[in-house]
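The structure file coords33.tsv is reproduced below (TSV, C-alpha atoms).
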chain	number	residue	atom	x	y	z
A	1	MET	CA	-17.28	-4.47	-20.18
A	2	ASN	CA	-17.99	-4.61	-16.45
A	3	LYS	CA	-21.52	-4.55	-15.10
A	4	PRO	CA	-22.63	-3.40	-11.66
A	5	ASP	CA	-23.50	-6.08	-9.15
A	6	ALA	CA	-26.74	-6.33	-7.20
A	7	VAL	CA	-25.82	-3.48	-4.86
A	8	GLY	CA	-24.58	-1.17	-7.58
A	9	ARG	CA	-20.85	-1.68	-7.16
A	10	GLU	CA	-18.65	-2.24	-10.17
A	11	THR	CA	-17.50	-5.80	-10.55
A	12	TRP	CA	-13.80	-6.61	-10.66
A	13	THR	CA	-11.69	-7.44	-13.66
A	14	GLY	CA	-8.10	-8.51	-14.21
A	15	PHE	CA	-5.18	-6.12	-14.51
A	16	PRO	CA	-4.56	-6.06	-18.28
A	17	LEU	CA	-0.76	-6.21	-18.03
A	18	LEU	CA	-0.44	-9.48	-16.14
A	19	ALA	CA	2.03	-11.61	-18.09
A	20	ALA	CA	0.28	-14.93	-17.44
A	21	PRO	CA	-3.11	-14.26	-15.81
A	22	GLU	CA	-4.06	-17.94	-15.86
A	23	HIS	CA	-1.13	-18.71	-13.54
A	24	TYR	CA	-1.29	-15.56	-11.40
A	25	ARG	CA	-1.81	-15.83	-7.65
A	26	ALA	CA	-1.73	-12.70	-5.52
A	27	CYS	CA	-0.44	-14.35	-2.31
A	28	GLU	CA	1.97	-17.24	-2.63
A	29	TRP	CA	2.12	-18.15	1.05
A	30	ASP	CA	-0.53	-20.84	1.54
A	31	LEU	CA	-1.08	-20.81	5.30
A	32	ARG	CA	-2.92	-24.14	5.31
A	33	LYS	CA	0.27	-25.86	4.15
A	34	ALA	CA	2.61	-24.06	6.54
A	35	THR	CA	1.60	-24.59	10.16
A	36	ALA	CA	4.29	-22.44	11.76
A	37	ARG	CA	3.62	-19.56	9.39
A	38	ARG	CA	-0.15	-19.91	9.93
A	39	ASP	CA	0.29	-19.81	13.70
A	40	TYR	CA	2.44	-16.69	13.39
A	41	TRP	CA	-0.07	-14.80	11.25
A	42	LEU	CA	-3.12	-15.78	13.28
A	43	GLY	CA	-1.29	-14.63	16.39
A	44	LEU	CA	-0.32	-11.37	14.71
A	45	PHE	CA	-3.89	-10.61	13.64
A	46	ARG	CA	-5.07	-11.29	17.21
A	47	LYS	CA	-2.35	-9.07	18.66
A	48	HIS	CA	-2.99	-6.18	16.29
A	49	PHE	CA	-6.80	-6.06	16.42
A	50	PRO	CA	-7.03	-4.30	19.83
A	51	SER	CA	-4.88	-1.43	18.53
A	52	LEU	CA	-7.19	-1.14	15.54
A	53	LEU	CA	-10.18	-0.89	17.86
A	54	GLU	CA	-8.38	1.73	19.94
A	55	ALA	CA	-7.89	3.80	16.79
A	56	TYR	CA	-11.60	3.36	16.07
A	57	ARG	CA	-12.53	4.61	19.55
A	58	LYS	CA	-10.54	7.80	18.99
A	59	GLU	CA	-11.97	8.24	15.50
A	60	ALA	CA	-15.56	7.71	16.64
A	61	ALA	CA	-15.14	10.03	19.61
A	62	ASP	CA	-13.84	12.70	17.22
A	63	ARG	CA	-17.08	12.33	15.27
A	64	GLY	CA	-19.08	12.76	18.48
A	65	GLU	CA	-20.33	9.17	18.71
A	66	ASP	CA	-21.88	8.03	21.99
A	67	VAL	CA	-19.46	6.06	24.18
A	68	GLU	CA	-21.93	3.22	24.66
A	69	MET	CA	-22.41	2.87	20.90
A	70	ILE	CA	-18.66	2.94	20.34
A	71	GLU	CA	-18.07	0.14	22.82
A	72	ARG	CA	-20.94	-1.91	21.42
A	73	ALA	CA	-19.49	-1.69	17.89
A	74	ALA	CA	-15.98	-2.47	19.10
A	75	GLY	CA	-17.20	-5.48	21.05
A	76	GLU	CA	-19.23	-6.81	18.14
A	77	ALA	CA	-16.28	-6.46	15.74
A	78	ALA	CA	-13.95	-8.20	18.18
A	79	ASP	CA	-16.40	-11.04	18.77
A	80	ARG	CA	-16.87	-11.61	15.02
A	81	PHE	CA	-13.21	-11.49	14.09
A	82	MET	CA	-11.93	-13.53	17.02
A	83	ALA	CA	-14.56	-16.18	16.35
A	84	TYR	CA	-13.32	-16.33	12.75
A	85	LEU	CA	-9.72	-16.76	13.93
A	86	ASP	CA	-10.84	-19.43	16.41
A	87	LEU	CA	-12.41	-21.38	13.56
A	88	LEU	CA	-9.27	-21.08	11.48
A	89	GLU	CA	-7.18	-22.41	14.32
A	90	ALA	CA	-9.59	-25.30	14.70
A	91	GLY	CA	-9.39	-25.99	10.96
A	92	LEU	CA	-13.14	-25.53	10.49
A	93	SER	CA	-13.46	-22.17	8.75
A	94	GLY	CA	-14.67	-21.28	5.28
A	95	PRO	CA	-13.14	-21.19	2.86
A	96	GLY	CA	-13.66	-24.87	3.60
A	97	GLN	CA	-11.11	-27.19	5.09
A	98	GLY	CA	-8.51	-28.08	2.49
A	99	GLU	CA	-9.04	-24.87	0.50
A	100	ARG	CA	-6.35	-22.24	0.26
A	101	LEU	CA	-5.83	-19.75	3.07
A	102	ASP	CA	-3.60	-16.69	2.81
A	103	ILE	CA	-3.06	-13.31	4.42
A	104	LEU	CA	-5.43	-11.57	2.01
A	105	THR	CA	-8.21	-13.99	2.98
A	106	ILE	CA	-7.80	-13.04	6.64
A	107	CYS	CA	-7.58	-9.33	5.82
A	108	THR	CA	-10.86	-9.60	3.93
A	109	ALA	CA	-12.52	-11.36	6.88
A	110	ARG	CA	-11.29	-8.58	9.18
A	111	GLU	CA	-12.81	-5.90	6.93
A	112	GLN	CA	-16.08	-7.83	6.86
A	113	ALA	CA	-16.15	-8.08	10.66
A	114	LEU	CA	-15.58	-4.33	10.97
A	115	ALA	CA	-18.22	-3.50	8.38
A	116	ALA	CA	-20.78	-5.77	10.04
A	117	ALA	CA	-20.23	-3.84	13.28
A	118	GLY	CA	-20.66	-0.50	11.52
A	119	ILE	CA	-16.98	0.47	11.67
A	120	ALA	CA	-16.23	2.10	8.33
A	121	ASP	CA	-12.80	3.72	8.73
A	122	ALA	CA	-11.08	3.12	12.06
A	123	TYR	CA	-7.95	5.06	11.11
A	124	ARG	CA	-9.69	8.10	9.59
A	125	LEU	CA	-8.52	10.47	12.32
A	126	ALA	CA	-4.95	9.13	12.36
A	127	LYS	CA	-4.70	9.36	8.56
A	128	GLN	CA	-6.12	12.85	8.52
A	129	THR	CA	-3.77	14.12	11.23
A	130	ASP	CA	-0.61	12.55	9.83
A	131	THR	CA	-1.36	13.54	6.24
A	132	ARG	CA	-1.88	17.14	7.31
A	133	HIS	CA	1.46	17.13	9.10
A	134	ALA	CA	3.25	15.55	6.12
A	135	LEU	CA	1.67	18.02	3.71
A	136	ALA	CA	3.18	20.90	5.66
A	137	LEU	CA	6.63	19.38	5.10
A	138	LEU	CA	6.18	18.67	1.39
A	139	PRO	CA	7.05	22.12	-0.09
A	140	GLY	CA	10.42	22.12	1.67
A	141	LEU	CA	11.11	18.55	0.55
A	142	LEU	CA	10.31	19.37	-3.08
A	143	ASP	CA	12.58	22.43	-2.95
A	144	GLU	CA	15.35	20.22	-1.54
A	145	LEU	CA	14.89	17.65	-4.31
A	146	ASP	CA	14.74	20.28	-7.06
A	147	ALA	CA	18.04	21.75	-5.88
A	148	MET	CA	19.84	18.41	-6.32
A	149	ALA	CA	21.72	17.34	-9.42
A	150	GLU	CA	19.85	14.64	-11.32
A	151	PRO	CA	21.79	11.52	-10.22
A	152	ALA	CA	21.54	12.43	-6.54
A	153	ARG	CA	17.90	13.42	-6.86
A	154	ARG	CA	16.93	10.09	-8.41
A	155	VAL	CA	18.48	8.23	-5.49
A	156	ALA	CA	16.94	10.61	-2.92
A	157	VAL	CA	13.48	10.05	-4.38
A	158	ILE	CA	13.78	6.27	-3.91
A	159	GLU	CA	15.16	6.73	-0.40
A	160	GLY	CA	12.18	8.98	0.31
A	161	VAL	CA	9.80	6.21	-0.72
A	162	PHE	CA	11.45	3.88	1.79
A	163	ALA	CA	11.44	6.52	4.54
A	164	GLY	CA	7.77	7.32	4.00
A	165	ASN	CA	6.82	3.65	3.98
A	166	ILE	CA	7.78	3.32	7.65
A	167	TYR	CA	4.35	4.88	8.34
A	168	ASP	CA	2.35	1.67	8.69
A	169	LEU	CA	-0.22	1.31	11.45
A	170	GLY	CA	-1.02	-2.22	10.32
A	171	ALA	CA	2.43	-3.54	11.26
A	172	THR	CA	2.93	-4.03	14.97
A	173	GLU	CA	6.61	-2.97	14.85
A	174	THR	CA	5.83	0.45	13.38
A	175	ALA	CA	2.38	1.00	14.88
A	176	ALA	CA	4.06	1.26	18.26
A	177	MET	CA	6.43	3.91	16.90
A	178	PHE	CA	3.50	6.13	15.93
A	179	ALA	CA	1.43	5.52	19.06
A	180	ASP	CA	2.72	8.49	21.04
A	181	ARG	CA	4.87	10.50	18.66
A	182	ARG	CA	5.50	11.43	15.06
A	183	VAL	CA	8.49	9.80	13.38
A	184	ASP	CA	10.83	12.30	11.73
A	185	PHE	CA	10.87	11.67	7.96
A	186	ARG	CA	14.33	13.14	7.38
A	187	ALA	CA	15.77	11.23	10.33
A	188	VAL	CA	14.37	7.95	8.99
A	189	ARG	CA	15.70	8.72	5.52
A	190	GLY	CA	19.14	9.38	6.97
A	191	GLU	CA	19.12	6.13	8.93
A	192	LEU	CA	18.03	3.73	6.18
A	193	LYS	CA	20.03	0.54	5.98
A	194	PRO	CA	23.03	0.95	3.71
A	195	ARG	CA	23.35	-0.66	0.31
A	196	PRO	CA	23.31	-3.31	-0.86
A	197	TRP	CA	19.71	-3.59	0.27
A	198	ARG	CA	18.04	-6.97	0.77
A	199	TYR	CA	16.74	-6.66	-2.80
A	200	ASP	CA	18.67	-3.94	-4.57
A	201	ALA	CA	17.79	-2.98	-8.14
A	202	LEU	CA	18.74	0.68	-7.76
A	203	ASP	CA	21.52	0.51	-10.36
A	204	ALA	CA	19.23	-1.20	-12.88
A	205	TRP	CA	16.53	1.42	-12.27
A	206	LEU	CA	18.96	4.32	-12.65
A	207	ALA	CA	20.25	2.79	-15.89
A	208	ARG	CA	16.68	2.53	-17.18
A	209	LEU	CA	16.12	6.19	-16.33
A	210	ASP	CA	19.03	7.07	-18.63
A	211	GLY	CA	16.97	5.65	-21.50
A	212	PRO	CA	13.75	6.96	-23.08
A	213	ALA	CA	11.02	8.05	-20.71
A	214	HIS	CA	8.21	5.60	-20.07
A	215	ARG	CA	5.01	6.45	-21.86
A	216	ALA	CA	2.73	6.09	-18.83
A	217	ALA	CA	2.98	4.68	-15.31
A	218	ALA	CA	0.33	3.07	-13.11
A	219	VAL	CA	1.42	3.73	-9.52
A	220	PHE	CA	-0.22	1.69	-6.74
A	221	VAL	CA	0.21	3.70	-3.54
A	222	ASP	CA	0.05	2.37	0.01
A	223	ASN	CA	-0.45	4.33	3.22
A	224	ALA	CA	-1.66	7.83	4.00
A	225	GLY	CA	0.48	10.35	5.90
A	226	PRO	CA	4.19	10.60	5.05
A	227	ASP	CA	4.09	7.43	2.95
A	228	VAL	CA	2.08	8.82	0.07
A	229	THR	CA	2.77	12.52	0.74
A	230	LEU	CA	6.54	12.55	1.21
A	231	GLY	CA	7.40	9.28	-0.51
A	232	MET	CA	5.13	8.52	-3.44
A	233	LEU	CA	4.09	11.98	-4.63
A	234	PRO	CA	7.74	13.01	-5.16
A	235	LEU	CA	8.26	9.79	-7.14
A	236	ALA	CA	5.19	10.48	-9.28
A	237	ARG	CA	6.37	14.06	-9.75
A	238	GLU	CA	9.79	12.86	-10.89
A	239	LEU	CA	8.14	10.63	-13.49
A	240	LEU	CA	5.99	13.51	-14.69
A	241	LYS	CA	9.06	15.72	-15.09
A	242	ARG	CA	10.60	13.03	-17.30
A	243	GLY	CA	7.56	13.15	-19.59
A	244	THR	CA	5.79	10.06	-18.25
A	245	ASP	CA	2.03	10.32	-17.72
A	246	VAL	CA	0.98	8.98	-14.32
A	247	ILE	CA	-2.08	7.15	-13.03
A	248	LEU	CA	-2.15	7.17	-9.23
A	249	THR	CA	-4.36	4.41	-7.89
A	250	ALA	CA	-5.42	3.90	-4.28
A	251	ASN	CA	-7.95	1.75	-2.41
A	252	THR	CA	-11.59	2.34	-3.19
A	253	THR	CA	-12.64	1.72	0.42
A	254	PRO	CA	-10.75	2.17	3.72
A	255	SER	CA	-8.49	-0.50	5.16
A	256	LEU	CA	-6.14	0.18	8.09
A	257	ASN	CA	-4.20	3.38	7.35
A	258	ASP	CA	-4.07	2.87	3.59
A	259	VAL	CA	-4.89	6.06	1.75
A	260	THR	CA	-8.22	5.86	-0.10
A	261	HIS	CA	-8.98	7.23	-3.54
A	262	ASP	CA	-11.06	10.07	-2.07
A	263	GLU	CA	-8.32	11.00	0.41
A	264	LEU	CA	-5.69	10.87	-2.33
A	265	THR	CA	-7.78	13.12	-4.55
A	266	GLU	CA	-8.08	15.71	-1.79
A	267	LEU	CA	-4.34	15.51	-1.13
A	268	VAL	CA	-3.26	15.86	-4.77
A	269	ASP	CA	-5.63	18.78	-5.31
A	270	ALA	CA	-4.04	20.50	-2.30
A	271	VAL	CA	-0.53	19.88	-3.66
A	272	ALA	CA	-1.55	21.16	-7.09
A	273	GLU	CA	-2.26	24.55	-5.52
A	274	PHE	CA	1.39	25.16	-4.61
A	275	ASP	CA	3.42	22.87	-6.89
A	276	ALA	CA	3.57	23.79	-10.56
A	277	VAL	CA	4.62	20.32	-11.75
A	278	ILE	CA	1.67	18.58	-10.10
A	279	GLY	CA	-0.69	21.44	-10.94
A	280	ARG	CA	0.14	21.51	-14.65
A	281	ALA	CA	0.03	17.73	-14.97
A	282	ARG	CA	-3.34	17.62	-13.21
A	283	SER	CA	-4.79	20.32	-15.45
A	284	ALA	CA	-3.45	18.72	-18.62
A	285	GLY	CA	-4.76	15.26	-17.72
A	286	ARG	CA	-1.24	13.83	-17.47
A	287	LEU	CA	-1.79	13.03	-13.79
A	288	ARG	CA	-4.93	11.01	-13.23
A	289	LEU	CA	-6.36	9.45	-10.08
A	290	ILE	CA	-8.41	6.25	-10.45
A	291	ALA	CA	-9.72	4.01	-7.67
A	292	SER	CA	-8.20	0.53	-7.75
A	293	GLY	CA	-11.31	-1.33	-6.61
A	294	ASN	CA	-9.26	-2.72	-3.72
A	295	HIS	CA	-10.42	-3.03	-0.11
A	296	ALA	CA	-7.40	-4.47	1.71
A	297	PRO	CA	-3.75	-3.71	2.53
A	298	LEU	CA	-2.72	-6.35	-0.03
A	299	ILE	CA	-3.96	-6.35	-3.61
A	300	ASP	CA	-5.11	-9.11	-5.93
A	301	LEU	CA	-4.37	-7.88	-9.46
A	302	SER	CA	-6.97	-10.26	-10.87
A	303	ARG	CA	-9.62	-8.20	-9.01
A	304	ILE	CA	-9.24	-4.51	-9.86
A	305	SER	CA	-11.76	-1.91	-10.96
A	306	GLY	CA	-12.89	-1.84	-14.56
A	307	ALA	CA	-12.15	1.90	-14.63
A	308	LEU	CA	-8.51	1.29	-13.75
A	309	ALA	CA	-8.13	-1.52	-16.29
A	310	ALA	CA	-9.61	0.66	-19.03
A	311	ALA	CA	-7.40	3.62	-18.13
A	312	VAL	CA	-4.27	1.45	-18.18
A	313	ASP	CA	-5.16	0.23	-21.66
A	314	ARG	CA	-5.98	3.70	-22.98
A	315	ALA	CA	-2.81	5.28	-21.57
A	316	GLY	CA	-0.52	2.58	-22.96
A	317	VAL	CA	1.01	2.00	-19.54
A	318	ASP	CA	4.56	0.62	-19.79
A	319	LEU	CA	5.59	1.01	-16.13
A	320	VAL	CA	3.84	-0.28	-13.02
A	321	VAL	CA	4.94	0.70	-9.52
A	322	LEU	CA	3.79	-1.44	-6.59
A	323	GLU	CA	4.64	0.19	-3.28
A	324	GLY	CA	4.43	-1.05	0.26
A	325	MET	CA	4.90	-4.33	2.07
A	326	GLY	CA	1.34	-5.47	1.37
A	327	ARG	CA	1.23	-4.77	-2.36
A	328	ALA	CA	4.85	-5.47	-3.30
A	329	VAL	CA	5.87	-8.29	-0.93
A	330	GLU	CA	2.99	-10.05	0.85
A	331	SER	CA	1.17	-10.02	-2.48
A	332	ASN	CA	2.70	-9.80	-5.97
A	333	PHE	CA	6.31	-10.34	-4.93
A	334	ASN	CA	6.84	-12.76	-7.82
A	335	ALA	CA	4.04	-11.51	-10.08
A	336	ARG	CA	5.24	-10.89	-13.61
A	337	LEU	CA	3.86	-8.16	-15.86
A	338	ARG	CA	4.20	-7.47	-19.56
A	339	CYS	CA	5.68	-4.06	-18.80
A	340	ASP	CA	8.48	-2.73	-16.60
A	341	THR	CA	7.67	-3.21	-12.91
A	342	LEU	CA	9.12	-1.45	-9.89
A	343	LYS	CA	8.44	-2.96	-6.44
A	344	LEU	CA	9.37	-0.91	-3.38
A	345	ALA	CA	8.89	-1.65	0.32
A	346	MET	CA	10.38	-1.48	3.78
A	347	ILE	CA	10.10	-4.75	5.76
A	348	LYS	CA	8.27	-3.98	9.01
A	349	ASP	CA	7.04	-7.38	10.12
A	350	ALA	CA	8.99	-10.32	11.54
A	351	GLY	CA	6.95	-12.88	9.58
A	352	VAL	CA	7.57	-11.11	6.29
A	353	ALA	CA	11.24	-10.76	7.14
A	354	ASP	CA	11.45	-14.48	7.86
A	355	ALA	CA	9.78	-15.36	4.56
A	356	LEU	CA	12.36	-13.27	2.68
A	357	GLU	CA	15.28	-14.42	4.84
A	358	ALA	CA	15.64	-10.75	5.75
A	359	GLU	CA	15.68	-8.58	8.85
A	360	LEU	CA	13.32	-5.94	10.17
A	361	PHE	CA	13.63	-2.64	8.30
A	362	ASP	CA	15.45	-4.25	5.39
A	363	LEU	CA	14.64	-2.60	2.06
A	364	VAL	CA	13.16	-4.17	-1.04
A	365	MET	CA	13.65	-2.66	-4.48
A	366	LYS	CA	12.94	-4.93	-7.42
A	367	PHE	CA	13.03	-3.66	-11.00
A	368	GLU	CA	11.75	-6.18	-13.52
A	369	PRO	CA	11.77	-5.46	-17.26
A	370	GLY	CA	8.50	-6.44	-18.88
A	371	ASP	CA	7.74	-9.93	-20.14
A	372	GLY	CA	6.88	-9.61	-23.82
A	373	GLN	CA	6.91	-5.81	-23.81

What's the structure tokens form of this structure?
Amino acid sequence: MNKPDAVGRETWTGFPLLAAPEHYRACEWDLRKATARRDYWLGLFRKHFPSLLEAYRKEAADRGEDVEMIERAAGEAADRFMAYLDLLEAGLSGPGQGERLDILTICTAREQALAAAGIADAYRLAKQTDTRHALALLPGLLDELDAMAEPARRVAVIEGVFAGNIYDLGATETAAMFADRRVDFRAVRGELKPRPWRYDALDAWLARLDGPAHRAAAVFVDNAGPDVTLGMLPLARELLKRGTDVILTANTTPSLNDVTHDELTELVDAVAEFDAVIGRARSAGRLRLIASGNHAPLIDLSRISGALAAAVDRAGVDLVVLEGMGRAVESNFNARLRCDTLKLAMIKDAGVADALEAELFDLVMKFEPGDGQ
């Protein structure tokens, strides 16, 4: 049983379905042992941070913050995070020299620098605006999916996950796309790279769907806006229609434009008002929302909330869905679980593409039957 820490937060625990928790590592790319890869990622974090601060300026102005206070916080955050990156480049930073360094470590340091400067949710306004726009499109999308025959609908749902996942303000390639305009979901879906995808388990997934329905699914969602609204909610809805109970789990605290548990709850409650499938499942307790305990765009499955771990055990989860480049590729790409696992992502970063010997906007769909199910 988990106990609260000194500041009242629940301590982390391991995801109960990890196949070999003693050998699990969230991020396999050790940047201390790969100089070229380390240089790339440090450069990327430096390049992206100003756009994050620009999002914060807009968000804080929307809340009515004083311009002087906004600039002071932005400057303090930049000073802290750039000093951290400087130390990493010099080989002097903690974790100490010789210890492991990965993308999640740097993401955590970035969140700490923002928090120390009083910046709680730099992308709040962007998430709010883009989720509202996506929500307006959702009823038409659900009608379109419901009108399809089952084989076509199953494929369209997966394609919708990929199309929604292009909404990523943490990736420099796609952040620029959303800087001045909204990307058309249907247009993106229609222009996805053709099969076979870089990792293509669609046939295996469709074959599994011809079998008995999964008992319960734990679905780790990624970004706000069209990602969760037009991509992941239709997937969760499709599972519910098959008779699978669903646990939707999102970040406990904000990070980039990842949807948070509180934002997801508000969104699902809004959808439940006009969609009977979501509404009935919510009322019957077949669709549950539980915070993951996570605070970053990647996720370490050895450090999740006790509430999520307990819910997974109680529900008898036999399907886990990890969605998004951070959760399904940069972390957990080779993680093995004791249940069926579906990993879905669009590649939106040159460094990630290089690591997978892929190209930008390649698609990743891995379906892995459980180890020891």

d(CA of Ala20 (chain A), CA of Ile106 (chain A)) in Å:
25.5 Å

Pick from A:Ala83, A:Val228, A:Ala250, A:Ala218: nearest to Asp318 (chain A), with only C-alpha atoms counted?
A:Ala218

Counting all atoms listed in the file, which of A:Ala270, A:Ala36, A:Met325, A:Val219 gets nearest to Leu308 (chain A)?
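With all atoms listed in the file as the atom set, the closest residue is A:Val219.
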
Rank A:Arg195, A:Arg338, A:His261, A:Arg37 by their smallest atom-to-atom distance to Arg288 (chain A), using only C-alpha atoms, and report the top residue only.
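Using only C-alpha atoms, Arg288 (chain A) sits closest to A:His261.
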
For Leu235 (chain A), please output as a list in words all residues within 8 Å (counting all atoms listed in the file; exclusion window: fewer than 4 positions along the same chain).
Val157, Ile158, Val161, Gly231 and Leu239 of chain A

Between CA of His48 (chain A) and CA of Leu135 (chain A), distance in Å (one decimal):
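According to the coordinates, CA of His48 (chain A) and CA of Leu135 (chain A) are separated by 27.7 Å.
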
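Closest approach to Gly164 (chain A) from the set A:Glu59, A:Glu323, A:Asp200, A:Asp349 is made by A:Glu323, with distances taken over all atoms listed in the file.
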
Among the residues A:Leu142, A:Glu159, A:Arg208, A:Ala187, the one that comes closest to Val277 (chain A) [using only C-alpha atoms]:
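Going through A:Leu142, A:Glu159, A:Arg208, A:Ala187 one by one, the smallest distance to Val277 (chain A) is for A:Leu142.
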
Radius query 12 Å about (18.7, -7.0, 2.4), atoms used: only C-alpha atoms, as a list of chain:residue names
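Protein, DNA and RNA residues close to (18.7, -7.0, 2.4): A:Leu192, A:Lys193, A:Pro194, A:Arg195, A:Pro196, A:Trp197, A:Arg198, A:Tyr199, A:Asp200, A:Ala201, A:Ala345, A:Met346, A:Ile347, A:Ala353, A:Asp354, A:Leu356, A:Glu357, A:Ala358, A:Glu359, A:Leu360, A:Phe361, A:Asp362, A:Leu363, A:Val364, A:Met365, A:Lys366.
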
Dump C-alpha atoms for the selected residues as a PDB file, in the coordinates of the input?
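What ended up in part.pdb:
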ATOM      1  CA  LEU A 192      18.030   3.730   6.180  1.00  0.00           C
ATOM      2  CA  LYS A 193      20.030   0.540   5.980  1.00  0.00           C
ATOM      3  CA  PRO A 194      23.030   0.950   3.710  1.00  0.00           C
ATOM      4  CA  ARG A 195      23.350  -0.660   0.310  1.00  0.00           C
ATOM      5  CA  PRO A 196      23.310  -3.310  -0.860  1.00  0.00           C
ATOM      6  CA  TRP A 197      19.710  -3.590   0.270  1.00  0.00           C
ATOM      7  CA  ARG A 198      18.040  -6.970   0.770  1.00  0.00           C
ATOM      8  CA  TYR A 199      16.740  -6.660  -2.800  1.00  0.00           C
ATOM      9  CA  ASP A 200      18.670  -3.940  -4.570  1.00  0.00           C
ATOM     10  CA  ALA A 201      17.790  -2.980  -8.140  1.00  0.00           C
ATOM     11  CA  ALA A 345       8.890  -1.650   0.320  1.00  0.00           C
ATOM     12  CA  MET A 346      10.380  -1.480   3.780  1.00  0.00           C
ATOM     13  CA  ILE A 347      10.100  -4.750   5.760  1.00  0.00           C
ATOM     14  CA  ALA A 353      11.240 -10.760   7.140  1.00  0.00           C
ATOM     15  CA  ASP A 354      11.450 -14.480   7.860  1.00  0.00           C
ATOM     16  CA  LEU A 356      12.360 -13.270   2.680  1.00  0.00           C
ATOM     17  CA  GLU A 357      15.280 -14.420   4.840  1.00  0.00           C
ATOM     18  CA  ALA A 358      15.640 -10.750   5.750  1.00  0.00           C
ATOM     19  CA  GLU A 359      15.680  -8.580   8.850  1.00  0.00           C
ATOM     20  CA  LEU A 360      13.320  -5.940  10.170  1.00  0.00           C
ATOM     21  CA  PHE A 361      13.630  -2.640   8.300  1.00  0.00           C
ATOM     22  CA  ASP A 362      15.450  -4.250   5.390  1.00  0.00           C
ATOM     23  CA  LEU A 363      14.640  -2.600   2.060  1.00  0.00           C
ATOM     24  CA  VAL A 364      13.160  -4.170  -1.040  1.00  0.00           C
ATOM     25  CA  MET A 365      13.650  -2.660  -4.480  1.00  0.00           C
ATOM     26  CA  LYS A 366      12.940  -4.930  -7.420  1.00  0.00           C
TER      27      LYS A 366
END

Using only C-alpha atoms, pick whichever of A:Ala26, A:Leu202, A:Val268, A:Val320 has the shortest atom-to-atom distance to Ala281 (chain A).
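The shortest atom-to-atom distance to Ala281 (chain A) comes from A:Val268.
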
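Note that CA of Lys127 (chain A) and CA of Val259 (chain A) are 7.6 Å apart.
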
List as a compact mmCIF listing (two decimals) with C-alpha atoms, in the frame of the given file the protein and nucleic acid residues near Thr249 (chain A), meaning an atom at most 7 Å away when all atoms listed in the file are counted, but skip any in the same chain fewer than 2 places from it.
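Saved as result.txt:
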# COMPACT_ATOMS: atom_id res chain seq x y z
CA VAL A 219 1.42 3.73 -9.52
CA PHE A 220 -0.22 1.69 -6.74
CA VAL A 221 0.21 3.70 -3.54
CA ILE A 247 -2.08 7.15 -13.03
CA HIS A 261 -8.98 7.23 -3.54
CA LEU A 289 -6.36 9.45 -10.08
CA ILE A 290 -8.41 6.25 -10.45
CA ALA A 291 -9.72 4.01 -7.67
CA SER A 292 -8.20 0.53 -7.75

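Using only C-alpha atoms, the contacts of Ser51 (chain A) at a cut-off of 12 Å, with sequence neighbours closer than 2 positions omitted, comprise A:Leu44, A:Phe45, A:Arg46, A:Lys47, A:His48, A:Phe49, A:Leu53, A:Glu54, A:Ala55, A:Tyr56, A:Arg57, A:Lys58, A:Ala74, A:Ala78, A:Ala122, A:Tyr123, A:Leu169, A:Gly170, A:Ala171, A:Thr172, A:Ala175, A:Ala176, A:Phe178, A:Ala179, A:Leu256.
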
Using only C-alpha atoms, which residues sit within 7 Å of region 129-131 of chain A once same-chain residues fewer than 2 positions away are excluded, as a VMD selection string?
chain A and resid 125 to 127 133 to 135 224 to 226 229
